[in-house]
$ cat final_6.txt   # compact mmCIF, C-alpha atoms
# COMPACT_ATOMS: atom_id res chain seq x y z
CA MET N 8 2.34 10.68 19.12
CA LYS N 9 -0.97 9.59 20.56
CA LYS N 10 -2.41 6.66 18.65
CA SER N 11 -5.83 8.20 18.45
CA ILE N 12 -4.58 11.19 16.49
CA PHE N 13 -3.36 8.95 13.68
CA ILE N 14 -6.63 7.01 13.57
CA GLU N 15 -8.54 10.30 13.62
CA ALA N 16 -6.52 11.48 10.64
CA LEU N 17 -7.39 8.29 8.75
CA GLU N 18 -11.06 8.73 9.65
CA TRP N 19 -10.92 12.33 8.39
CA ARG N 20 -9.55 11.40 4.98
CA TYR N 21 -11.74 10.23 2.13
CA ALA N 22 -11.36 9.78 -1.62
CA THR N 23 -11.95 13.39 -2.58
CA LYS N 24 -13.99 13.66 -5.78
CA LYS N 25 -13.96 17.44 -6.19
CA MET N 26 -10.98 19.63 -5.37
CA ASN N 27 -10.88 23.41 -5.33
CA GLY N 28 -7.65 24.08 -7.22
CA GLU N 29 -5.76 25.64 -4.31
CA GLN N 30 -2.08 24.88 -4.00
CA ILE N 31 -0.70 22.96 -1.06
CA PRO N 32 2.35 24.40 0.73
CA GLU N 33 5.67 23.08 -0.53
CA GLU N 34 6.70 21.94 2.95
CA GLN N 35 3.63 19.73 3.31
CA LEU N 36 4.06 18.27 -0.17
CA ASN N 37 7.65 17.47 0.73
CA ASN N 38 6.57 15.69 3.92
CA ILE N 39 4.17 13.52 1.92
CA LEU N 40 6.87 12.73 -0.64
CA GLU N 41 9.32 11.91 2.14
CA ALA N 42 6.84 9.40 3.62
CA ILE N 43 6.52 7.86 0.15
CA ARG N 44 10.30 7.70 -0.17
CA LEU N 45 10.52 5.92 3.20
CA SER N 46 7.97 3.26 2.25
CA PRO N 47 9.35 -0.27 2.05
CA SER N 48 9.39 -2.45 -1.05
CA SER N 49 10.17 -6.06 -1.78
CA LEU N 50 13.91 -6.67 -1.24
CA GLY N 51 14.22 -2.90 -0.81
CA PHE N 52 14.58 -2.76 -4.58
CA THR N 53 12.06 0.05 -5.18
CA PRO N 54 11.16 -1.03 -8.73
CA TYR N 55 9.42 2.20 -9.58
CA THR N 56 9.94 5.87 -10.41
CA ILE N 57 7.61 8.61 -9.19
CA LEU N 58 6.49 11.61 -11.19
CA VAL N 59 5.24 14.66 -9.33
CA ILE N 60 3.06 16.70 -11.68
CA LYS N 61 2.52 20.33 -10.72
CA ASP N 62 2.40 21.73 -14.24
CA GLN N 63 -1.19 22.61 -15.15
CA GLU N 64 -0.76 22.01 -18.86
CA THR N 65 0.45 18.47 -18.23
CA LYS N 66 -2.54 17.83 -15.95
CA GLU N 67 -4.85 19.02 -18.74
CA LYS N 68 -3.22 16.59 -21.14
CA LEU N 69 -3.69 13.74 -18.68
CA LEU N 70 -7.38 14.51 -18.12
CA PRO N 71 -8.89 12.62 -21.09
CA HIS N 72 -6.79 9.55 -20.27
CA CYS N 73 -8.20 9.62 -16.73
CA TYR N 74 -11.88 9.48 -17.76
CA ASN N 75 -12.11 13.26 -17.24
CA GLN N 76 -12.13 12.92 -13.46
CA SER N 77 -11.91 16.50 -12.25
CA GLN N 78 -9.34 15.87 -9.52
CA ILE N 79 -6.73 15.50 -12.25
CA THR N 80 -6.84 19.21 -13.04
CA SER N 81 -8.09 20.61 -9.71
CA ALA N 82 -5.48 18.82 -7.61
CA SER N 83 -2.48 20.81 -6.51
CA ALA N 84 -0.14 17.97 -7.43
CA LEU N 85 -0.49 14.53 -8.99
CA VAL N 86 1.87 11.84 -7.79
CA VAL N 87 2.14 9.25 -10.56
CA PHE N 88 3.65 5.94 -9.45
CA ALA N 89 5.33 4.43 -12.50
CA ALA N 90 6.32 0.77 -12.22
CA TRP N 91 9.43 -0.46 -13.95
CA LYS N 92 8.71 -2.57 -17.02
CA GLU N 93 12.33 -3.40 -17.78
CA PHE N 94 14.81 -5.06 -15.46
CA ASN N 95 18.52 -5.62 -15.82
CA VAL N 96 21.68 -6.43 -13.91
CA GLU N 97 22.78 -2.79 -13.85
CA GLN N 98 19.78 -1.86 -11.68
CA VAL N 99 20.80 -4.52 -9.16
CA GLU N 100 24.41 -3.41 -9.17
CA LYS N 101 23.43 0.20 -8.66
CA TYR N 102 21.28 -0.83 -5.68
CA MET N 103 24.16 -2.84 -4.21
CA GLN N 104 26.40 0.19 -4.61
CA GLU N 105 23.84 2.29 -2.70
CA ILE N 106 23.75 -0.24 0.15
CA ALA N 107 27.55 -0.53 0.25
CA THR N 108 27.99 3.24 0.37
CA THR N 109 25.20 3.91 2.88
CA ARG N 110 26.17 1.15 5.31
CA ASN N 111 29.92 1.20 4.64
CA VAL N 112 30.05 -2.50 3.81
CA SER N 113 31.87 -4.27 0.97
CA LEU N 114 30.19 -5.21 -2.29
CA GLU N 115 31.50 -8.75 -1.74
CA SER N 116 29.43 -9.07 1.44
CA LEU N 117 26.32 -8.32 -0.63
CA GLU N 118 26.91 -10.92 -3.33
CA GLY N 119 24.38 -13.38 -1.94
CA PHE N 120 21.70 -10.70 -1.73
CA ALA N 121 22.50 -9.48 -5.25
CA ALA N 122 22.22 -13.06 -6.55
CA ASN N 123 18.79 -13.29 -4.91
CA ILE N 124 17.47 -10.30 -6.81
CA LYS N 125 19.14 -11.29 -10.07
CA GLY N 126 17.58 -14.73 -9.66
CA LYS N 127 14.16 -13.23 -9.16
CA ILE N 128 14.57 -11.16 -12.31
CA SER N 129 15.82 -13.99 -14.49
CA ASN N 130 13.29 -16.53 -13.17
CA SER N 131 10.21 -14.33 -13.64
CA SER N 132 8.37 -13.42 -16.81
CA PRO N 133 8.07 -9.74 -17.79
CA GLU N 134 4.37 -9.92 -16.82
CA GLU N 135 5.18 -11.33 -13.38
CA LEU N 136 7.82 -8.68 -12.78
CA LEU N 137 5.41 -5.92 -13.77
CA VAL N 138 2.74 -7.18 -11.35
CA TRP N 139 5.39 -7.46 -8.64
CA ALA N 140 6.61 -3.91 -9.28
CA ALA N 141 3.05 -2.56 -9.43
CA LYS N 142 2.20 -4.11 -6.06
CA GLN N 143 5.13 -2.27 -4.49
CA THR N 144 3.75 1.03 -5.76
CA TYR N 145 0.56 0.34 -3.80
CA ILE N 146 2.51 0.19 -0.51
CA ALA N 147 3.98 3.58 -1.41
CA LEU N 148 0.50 4.82 -2.33
CA GLY N 149 -0.65 3.72 1.14
CA PHE N 150 2.18 5.64 2.79
CA GLY N 151 1.36 8.71 0.71
CA LEU N 152 -2.35 8.55 1.62
CA ALA N 153 -1.55 8.17 5.32
CA ALA N 154 0.97 11.01 5.22
CA ALA N 155 -1.49 13.29 3.44
CA ALA N 156 -4.09 12.57 6.14
CA VAL N 157 -1.57 13.42 8.85
CA GLU N 158 -0.89 16.71 7.04
CA LYS N 159 -4.63 17.36 6.66
CA ILE N 160 -4.16 17.47 2.91
CA ASP N 161 -6.95 15.90 0.88
CA SER N 162 -6.15 13.07 -1.46
CA THR N 163 -7.59 10.62 -3.96
CA PRO N 164 -6.08 7.24 -4.80
CA MET N 165 -6.71 6.59 -8.49
CA GLU N 166 -6.31 3.56 -10.68
CA GLY N 167 -9.12 4.45 -13.08
CA PHE N 168 -7.10 5.68 -16.03
CA ILE N 169 -5.80 4.38 -19.34
CA PRO N 170 -2.16 3.49 -18.70
CA ALA N 171 -1.15 3.74 -22.36
CA GLY N 172 -2.53 7.29 -22.52
CA VAL N 173 -0.87 8.43 -19.30
CA ASP N 174 2.38 6.75 -20.36
CA SER N 175 2.26 8.58 -23.66
CA VAL N 176 1.67 12.03 -22.13
CA LEU N 177 4.49 11.53 -19.61
CA ASP N 178 6.81 9.81 -22.12
CA LEU N 179 7.07 6.80 -19.82
CA GLU N 180 7.23 4.10 -22.49
CA ASN N 181 10.61 5.21 -23.72
CA LYS N 182 11.91 5.04 -20.16
CA GLY N 183 10.79 1.46 -19.48
CA LEU N 184 8.00 2.65 -17.17
CA THR N 185 4.22 2.38 -16.99
CA ALA N 186 1.77 4.26 -14.76
CA SER N 187 0.48 1.98 -12.00
CA CYS N 188 -1.56 4.29 -9.76
CA ILE N 189 -1.98 8.01 -9.10
CA LEU N 190 -2.29 10.00 -5.88
CA ALA N 191 -4.07 13.34 -6.34
CA LEU N 192 -3.25 15.88 -3.61
CA GLY N 193 -5.12 19.10 -2.90
CA TYR N 194 -8.08 20.53 -1.02
CA ARG N 195 -11.66 19.29 -1.05
CA ASP N 196 -14.37 21.47 -2.55
CA GLU N 197 -16.77 20.99 0.35
CA GLU N 198 -19.83 22.32 -1.44
CA LYS N 199 -19.45 20.55 -4.74
CA ASP N 200 -18.20 17.21 -3.39
CA PHE N 201 -21.22 15.21 -2.21
CA LEU N 202 -18.82 12.76 -0.52
CA SER N 203 -17.30 15.43 1.72
CA LYS N 204 -20.04 15.00 4.28
CA ALA N 205 -20.89 11.34 3.62
CA ILE N 206 -20.27 8.80 6.37
CA LYS N 207 -17.33 6.54 5.62
CA VAL N 208 -18.33 3.02 4.59
CA ARG N 209 -15.99 0.24 5.69
CA ARG N 210 -16.61 -3.42 6.30
CA LYS N 211 -17.20 -4.06 9.99
CA SER N 212 -14.29 -5.48 11.99
CA GLU N 213 -16.13 -8.70 12.73
CA GLU N 214 -16.60 -9.30 9.00
CA LEU N 215 -13.22 -8.10 7.75
CA PHE N 216 -11.07 -9.87 10.35
CA VAL N 217 -10.85 -13.53 11.28
CA THR N 218 -8.77 -14.15 14.40
CA ILE N 219 -7.00 -17.46 14.90
CA MET R 15 0.01 16.11 15.11
CA LYS R 16 3.39 17.47 14.12
CA LYS R 17 4.42 16.24 10.72
CA SER R 18 7.94 15.44 11.86
CA ILE R 19 6.71 12.87 14.38
CA PHE R 20 5.10 10.80 11.64
CA ILE R 21 8.22 10.96 9.46
CA GLU R 22 10.35 10.08 12.48
CA ALA R 23 8.16 7.02 13.08
CA LEU R 24 8.64 5.93 9.47
CA GLU R 25 12.40 6.45 9.80
CA TRP R 26 12.42 4.36 12.98
CA ARG R 27 10.68 1.38 11.40
CA TYR R 28 12.55 -1.23 9.41
CA ALA R 29 11.81 -4.74 8.11
CA THR R 30 12.56 -6.58 11.32
CA LYS R 31 14.34 -9.86 10.64
CA LYS R 32 14.53 -11.20 14.21
CA MET R 33 11.78 -10.73 16.76
CA ASN R 34 11.94 -11.63 20.45
CA GLY R 35 8.62 -13.41 20.91
CA GLU R 36 7.09 -10.84 23.28
CA GLN R 37 3.40 -10.12 22.92
CA ILE R 38 2.14 -6.69 21.90
CA PRO R 39 -0.64 -5.12 23.98
CA GLU R 40 -4.13 -5.78 22.68
CA GLU R 41 -4.94 -2.07 22.48
CA GLN R 42 -2.01 -1.39 20.19
CA LEU R 43 -2.83 -4.35 17.98
CA ASN R 44 -6.38 -3.06 17.72
CA ASN R 45 -5.15 0.39 16.67
CA ILE R 46 -3.09 -1.18 13.89
CA LEU R 47 -6.06 -3.28 12.75
CA GLU R 48 -8.30 -0.23 12.81
CA ALA R 49 -5.87 1.65 10.54
CA ILE R 50 -5.96 -1.34 8.19
CA ARG R 51 -9.74 -1.36 8.28
CA LEU R 52 -9.79 2.34 7.39
CA SER R 53 -7.52 1.92 4.38
CA PRO R 54 -9.15 2.68 1.03
CA SER R 55 -9.59 0.21 -1.80
CA SER R 56 -10.67 0.44 -5.42
CA LEU R 57 -14.38 1.36 -5.54
CA GLY R 58 -14.41 0.87 -1.76
CA PHE R 59 -15.07 -2.78 -2.51
CA THR R 60 -12.41 -4.21 -0.16
CA PRO R 61 -11.92 -7.44 -2.13
CA TYR R 62 -10.03 -9.19 0.66
CA THR R 63 -10.38 -10.85 4.04
CA ILE R 64 -7.80 -10.49 6.79
CA LEU R 65 -6.63 -13.24 9.11
CA VAL R 66 -5.03 -12.27 12.40
CA ILE R 67 -2.93 -15.19 13.63
CA LYS R 68 -2.06 -15.19 17.31
CA ASP R 69 -2.15 -18.96 17.82
CA GLN R 70 1.39 -20.26 18.14
CA GLU R 71 0.62 -23.67 16.72
CA THR R 72 -0.77 -22.13 13.54
CA LYS R 73 2.35 -19.98 13.21
CA GLU R 74 4.51 -23.11 13.50
CA LYS R 75 2.51 -24.74 10.71
CA LEU R 76 2.99 -21.67 8.50
CA LEU R 77 6.75 -21.56 9.07
CA PRO R 78 7.89 -24.08 6.41
CA HIS R 79 5.65 -22.40 3.83
CA CYS R 80 7.36 -19.08 4.61
CA TYR R 81 10.90 -20.29 3.92
CA ASN R 82 11.43 -20.73 7.67
CA GLN R 83 11.75 -17.01 8.25
CA SER R 84 11.91 -16.70 12.02
CA GLN R 85 9.53 -13.72 12.28
CA ILE R 86 6.68 -16.10 11.50
CA THR R 87 6.97 -17.79 14.88
CA SER R 88 8.60 -14.99 16.92
CA ALA R 89 6.06 -12.35 15.91
CA SER R 90 3.30 -11.57 18.37
CA ALA R 91 0.71 -11.61 15.59
CA LEU R 92 0.68 -12.29 11.86
CA VAL R 93 -1.74 -10.31 9.75
CA VAL R 94 -2.43 -12.34 6.59
CA PHE R 95 -4.05 -10.35 3.79
CA ALA R 96 -6.09 -12.83 1.75
CA ALA R 97 -7.27 -11.60 -1.64
CA TRP R 98 -10.61 -12.76 -2.99
CA LYS R 99 -10.29 -15.25 -5.82
CA GLU R 100 -14.01 -15.54 -6.49
CA PHE R 101 -16.37 -12.73 -7.33
CA ASN R 102 -20.13 -12.69 -7.64
CA VAL R 103 -23.16 -10.42 -7.69
CA GLU R 104 -24.00 -11.19 -4.04
CA GLN R 105 -20.77 -9.52 -2.90
CA VAL R 106 -21.75 -6.37 -4.79
CA GLU R 107 -25.27 -6.40 -3.40
CA LYS R 108 -24.00 -6.85 0.13
CA TYR R 109 -21.70 -3.86 -0.34
CA MET R 110 -24.58 -1.75 -1.69
CA GLN R 111 -26.62 -2.73 1.35
CA GLU R 112 -23.77 -1.57 3.62
CA ILE R 113 -23.61 1.79 1.84
CA ALA R 114 -27.40 2.20 1.91
CA THR R 115 -27.57 1.43 5.62
CA THR R 116 -24.53 3.51 6.63
CA ARG R 117 -25.49 6.60 4.63
CA ASN R 118 -29.24 6.21 4.81
CA VAL R 119 -29.70 6.30 1.05
CA SER R 120 -31.85 4.12 -1.17
CA LEU R 121 -30.55 1.09 -3.00
CA GLU R 122 -32.04 2.58 -6.18
CA SER R 123 -29.73 5.59 -5.90
CA LEU R 124 -26.76 3.19 -5.92
CA GLU R 125 -27.76 1.27 -9.05
CA GLY R 126 -25.28 3.03 -11.32
CA PHE R 127 -22.43 2.42 -8.90
CA ALA R 128 -23.44 -1.24 -8.50
CA ALA R 129 -23.52 -1.64 -12.29
CA ASN R 130 -19.98 -0.23 -12.41
CA ILE R 131 -18.63 -2.89 -10.08
CA LYS R 132 -20.63 -5.68 -11.69
CA GLY R 133 -19.27 -4.56 -15.06
CA LYS R 134 -15.71 -4.65 -13.76
CA ILE R 135 -16.25 -8.19 -12.48
CA SER R 136 -17.89 -9.52 -15.63
CA ASN R 137 -15.44 -7.80 -17.99
CA SER R 138 -12.27 -9.01 -16.26
CA SER R 139 -10.64 -12.43 -16.29
CA PRO R 140 -10.20 -14.28 -12.98
CA GLU R 141 -6.45 -13.57 -13.23
CA GLU R 142 -7.05 -9.83 -13.72
CA LEU R 143 -9.45 -9.72 -10.78
CA LEU R 144 -6.96 -11.50 -8.54
CA VAL R 145 -4.18 -9.05 -9.42
CA TRP R 146 -6.60 -6.17 -8.83
CA ALA R 147 -7.64 -7.59 -5.43
CA ALA R 148 -4.03 -8.31 -4.46
CA LYS R 149 -3.00 -4.73 -5.24
CA GLN R 150 -5.64 -3.45 -2.83
CA THR R 151 -4.15 -5.57 -0.05
CA TYR R 152 -0.87 -3.72 -0.53
CA ILE R 153 -2.52 -0.38 0.28
CA ALA R 154 -3.83 -1.98 3.48
CA LEU R 155 -0.38 -3.40 4.13
CA GLY R 156 0.99 0.14 3.81
CA PHE R 157 -1.55 1.47 6.29
CA GLY R 158 -0.71 -1.37 8.71
CA LEU R 159 3.03 -0.69 8.44
CA ALA R 160 2.55 3.03 9.03
CA ALA R 161 0.21 2.42 11.98
CA ALA R 162 2.66 -0.03 13.55
CA ALA R 163 5.42 2.57 13.27
CA VAL R 164 3.20 5.16 14.95
CA GLU R 165 2.59 2.65 17.77
CA LYS R 166 6.34 1.88 17.97
CA ILE R 167 5.55 -1.74 17.24
CA ASP R 168 8.04 -3.51 15.01
CA SER R 169 6.86 -5.03 11.76
CA THR R 170 7.91 -6.93 8.68
CA PRO R 171 6.11 -6.82 5.34
CA MET R 172 6.39 -10.27 3.78
CA GLU R 173 5.59 -11.63 0.35
CA GLY R 174 8.26 -14.34 0.40
CA PHE R 175 6.07 -17.36 1.04
CA ILE R 176 4.41 -20.17 -0.88
CA PRO R 177 0.77 -19.09 -1.29
CA ALA R 178 -0.53 -22.64 -1.83
CA GLY R 179 1.07 -23.74 1.44
CA VAL R 180 -0.23 -20.80 3.46
CA ASP R 181 -3.66 -21.20 1.86
CA SER R 182 -3.71 -24.85 2.83
CA VAL R 183 -2.77 -24.25 6.49
CA LEU R 184 -5.37 -21.51 6.84
CA ASP R 185 -8.01 -23.34 4.78
CA LEU R 186 -8.28 -20.37 2.42
CA GLU R 187 -8.86 -22.29 -0.81
CA ASN R 188 -12.25 -23.51 0.28
CA LYS R 189 -13.24 -19.94 1.06
CA GLY R 190 -12.30 -18.49 -2.32
CA LEU R 191 -9.25 -16.73 -0.86
CA THR R 192 -5.50 -16.73 -1.39
CA ALA R 193 -2.75 -15.21 0.74
CA SER R 194 -1.39 -12.06 -0.90
CA CYS R 195 0.99 -10.59 1.68
CA ILE R 196 1.72 -10.91 5.40
CA LEU R 197 2.45 -8.30 8.06
CA ALA R 198 4.38 -9.67 11.04
CA LEU R 199 3.99 -7.59 14.21
CA GLY R 200 6.12 -7.83 17.33
CA TYR R 201 9.32 -6.54 18.90
CA ARG R 202 12.79 -6.53 17.40
CA ASP R 203 15.52 -8.68 18.93
CA GLU R 204 18.11 -5.92 18.93
CA GLU R 205 21.11 -8.16 19.55
CA LYS R 206 20.33 -10.89 17.07
CA ASP R 207 18.98 -8.69 14.28
CA PHE R 208 21.93 -7.27 12.36
CA LEU R 209 19.53 -4.89 10.60
CA SER R 210 18.37 -3.27 13.84
CA LYS R 211 21.32 -0.87 13.80
CA ALA R 212 21.86 -0.67 10.05
CA ILE R 213 21.30 2.64 8.30
CA LYS R 214 18.14 2.67 6.18
CA VAL R 215 18.80 2.47 2.45
CA ARG R 216 16.38 4.37 0.24
CA ARG R 217 16.79 5.82 -3.21
CA LYS R 218 17.67 9.50 -3.00
CA SER R 219 14.86 11.97 -3.66
CA GLU R 220 16.54 13.36 -6.75
CA GLU R 221 16.64 9.87 -8.27
CA LEU R 222 13.24 8.60 -7.12
CA PHE R 223 11.21 11.70 -8.03
CA VAL R 224 10.84 13.51 -11.32
CA THR R 225 9.00 16.81 -10.99
CA ILE R 226 7.07 18.22 -13.92
$ encode --input "final_6.txt" --output "structure tokens"
Amino acid sequence: MKKSIFIEALEWRYATKKMNGEQIPEEQLNNILEAIRLSPSSLGFTPYTILVIKDQETKEKLLPHCYNQSQITSASALVVFAAWKEFNVEQVEKYMQEIATTRNVSLESLEGFAANIKGKISNSSPEELLVWAAKQTYIALGFGLAAAAVEKIDSTPMEGFIPAGVDSVLDLENKGLTASCILALGYRDEEKDFLSKAIKVRRKSEELFVTI
Amino acid sequence: MKKSIFIEALEWRYATKKMNGEQIPEEQLNNILEAIRLSPSSLGFTPYTILVIKDQETKEKLLPHCYNQSQITSASALVVFAAWKEFNVEQVEKYMQEIATTRNVSLESLEGFAANIKGKISNSSPEELLVWAAKQTYIALGFGLAAAAVEKIDSTPMEGFIPAGVDSVLDLENKGLTASCILALGYRDEEKDFLSKAIKVRRKSEELFVTI
């Protein structure tokens, strides 16, 4: 892979404000979801669950809770990153079981690592754990945005929504989850989206970076 | 760009625990930084500053504040994402000026957008703004991790450090900044890093994703 092709893909992408309602091919959606699945998280614990909304009726229900931003209903799919709000020992043990099975190592050899995570859970407040979990979803959001650009699929990262409303529509509260951020995937409506031809604004390197 | 090459790059990467101290070529570092620069943020406001640490002495000073994790000193470069802790109207006006200049539009046409950001700042507590800024750094961290994988440069995403200590070494407090996360960039030490040959553990698609 030539480096410049990746950078070009990132230059091509922008936060699409108007989408045209066309569906993206299943194979490309799956590539984007696979990139999201491969994204790292603190301690590898992946303290989130991801909802992939293709159903139009559900998108319509989400719309008022997302300040009526039109991407919600004109996107092909909405990827809702739902952070865990509840933590317990069973989640840690399940994760240890996954490591043991995948790497063919004993659960005993993972006891120190398990104690680390259990310690983090018991030594943090629910609010701290939620912020921690939410931050991890933003790494995954980054991977999803980059993967979409590689696939030449348009995308919008969204945090402008009312979590309680989104949680209610998706029945997240009863599952110990809360919506953290949303990735809308689809195709830009070139004519109606004034941003589609706008020059990208980013802070200049010499202002953003300080080299030591 | 074939989709599979990007996914393969993400499969190749892992959180490198031992690096060998070799320096990465300047051109590749610049490509990774450019991907970070291109990453989106809420309202495009980029509420963070990024320190790129190449100086070995500074890395040594950071080490004890990062629980002596060896990547800190054996990485070629540390990218420290420092979230803004202080917000003011001047930052918003500077951003509006950047948009006006880049897109050749009037400042008047941006007044509604500016009011949006000013409203967010004045209606949020300092703690809320810091969490908001920190989350944006995680998108940029994601872009940096993906770009490093594309460049076949090893990397480690790190949040296990004592912010006050890192802030003190880098003199961030006096600049209204605080370290949010760190991206270590370098080359894996294949022999000493037991993780270099370990199978990647990720939650299975059918458990991570819920499709509606």
$ closest_residue --input "final_6.txt" --among "R:Asp69, R:Val215, R:Ser194, R:Gly179" --to "Gln150 in chain R" --atoms "only C-alpha atoms"
R:Ser194
$ residues_around --input "final_6.txt" --residues "Leu199 in chain R" --least-positions-apart "5" --cutoff "9 Å" --atoms "all atoms listed in the file" --output "list in words"
Met33, Ile38, Leu43, Gln85, Ala89, Ser90, Ala91, Leu92, Val93, Ala162, Ile167, Asp168, Ser169 and Thr170 of chain R
$ interface_residues --input "final_6.txt" --of "chain N" --to "chain R" --cutoff "6 Å" --atoms "all atoms listed in the file" --output "ChimeraX atom specification"
/N:56-62,110,142,145-146,149-150,206,215-219
$ residues_around --input "final_6.txt" --residues "Pro71 in chain N" --least-positions-apart "4" --cutoff "9 Å" --atoms "only C-alpha atoms" --output "PyMOL selection string"
chain N and resi 67+75-76+168-169+172
$ residues_around --input "final_6.txt" --residues "Val173 in chain N" --least-positions-apart "6" --cutoff "7 Å" --atoms "all atoms listed in the file" --output "PyMOL selection string"
chain N and resi 69+72+186
$ atom_distance --input "final_6.txt" --atom1 "CA of Ser120 in chain R" --atom2 "CA of Gln105 in chain R"
17.7 Å
$ atom_distance --input "final_6.txt" --atom1 "CA of Ile128 in chain N" --atom2 "CA of Glu97 in chain N"
11.8 Å
$ atom_distance --input "final_6.txt" --atom1 "CA of Glu142 in chain R" --atom2 "CA of Val96 in chain N"
28.9 Å
$ residues_near_point --input "final_6.txt" --point "(17.3, -7.4, -5.3)" --cutoff "7 Å" --atoms "all atoms listed in the file" --output "CSV table (one decimal) with C-alpha atoms, in the coordinates of the input"
chain,number,residue,atom,x,y,z
N,50,LEU,CA,13.9,-6.7,-1.2
N,52,PHE,CA,14.6,-2.8,-4.6
N,99,VAL,CA,20.8,-4.5,-9.2
N,120,PHE,CA,21.7,-10.7,-1.7
N,121,ALA,CA,22.5,-9.5,-5.2
N,123,ASN,CA,18.8,-13.3,-4.9
N,124,ILE,CA,17.5,-10.3,-6.8
N,125,LYS,CA,19.1,-11.3,-10.1
$ residues_near_point --input "final_6.txt" --point "(-6.4, 23.1, -12.0)" --cutoff "6 Å" --atoms "all atoms listed in the file" --output "list of chain:residue names"
N:Gly28, N:Thr80, N:Ser81
$ decode --input "final_6.txt" --residues "range 72-89 of chain R" --atoms "C-alpha atoms" --output "mmCIF file, in the first residue's frame"
data_model
loop_
_atom_site.group_PDB
_atom_site.id
_atom_site.type_symbol
_atom_site.label_atom_id
_atom_site.label_comp_id
_atom_site.auth_asym_id
_atom_site.auth_seq_id
_atom_site.Cartn_x
_atom_site.Cartn_y
_atom_site.Cartn_z
ATOM 1 C CA THR R 72 12.644 13.994 27.596
ATOM 2 C CA LYS R 73 11.536 10.393 27.088
ATOM 3 C CA GLU R 74 13.675 9.341 30.066
ATOM 4 C CA LYS R 75 12.018 11.998 32.202
ATOM 5 C CA LEU R 76 8.573 10.767 31.156
ATOM 6 C CA LEU R 77 9.367 7.138 31.955
ATOM 7 C CA PRO R 78 8.608 7.117 35.724
ATOM 8 C CA HIS R 79 5.314 8.917 35.090
ATOM 9 C CA CYS R 80 4.361 6.172 32.628
ATOM 10 C CA TYR R 81 4.800 3.286 35.073
ATOM 11 C CA ASN R 82 8.229 2.586 33.559
ATOM 12 C CA GLN R 83 6.740 1.037 30.447
ATOM 13 C CA SER R 84 9.745 0.439 28.223
ATOM 14 C CA GLN R 85 8.122 1.701 25.002
ATOM 15 C CA ILE R 86 8.459 5.225 26.368
ATOM 16 C CA THR R 87 12.225 5.182 25.955
ATOM 17 C CA SER R 88 12.597 2.561 23.197
ATOM 18 C CA ALA R 89 10.072 4.197 20.865
#
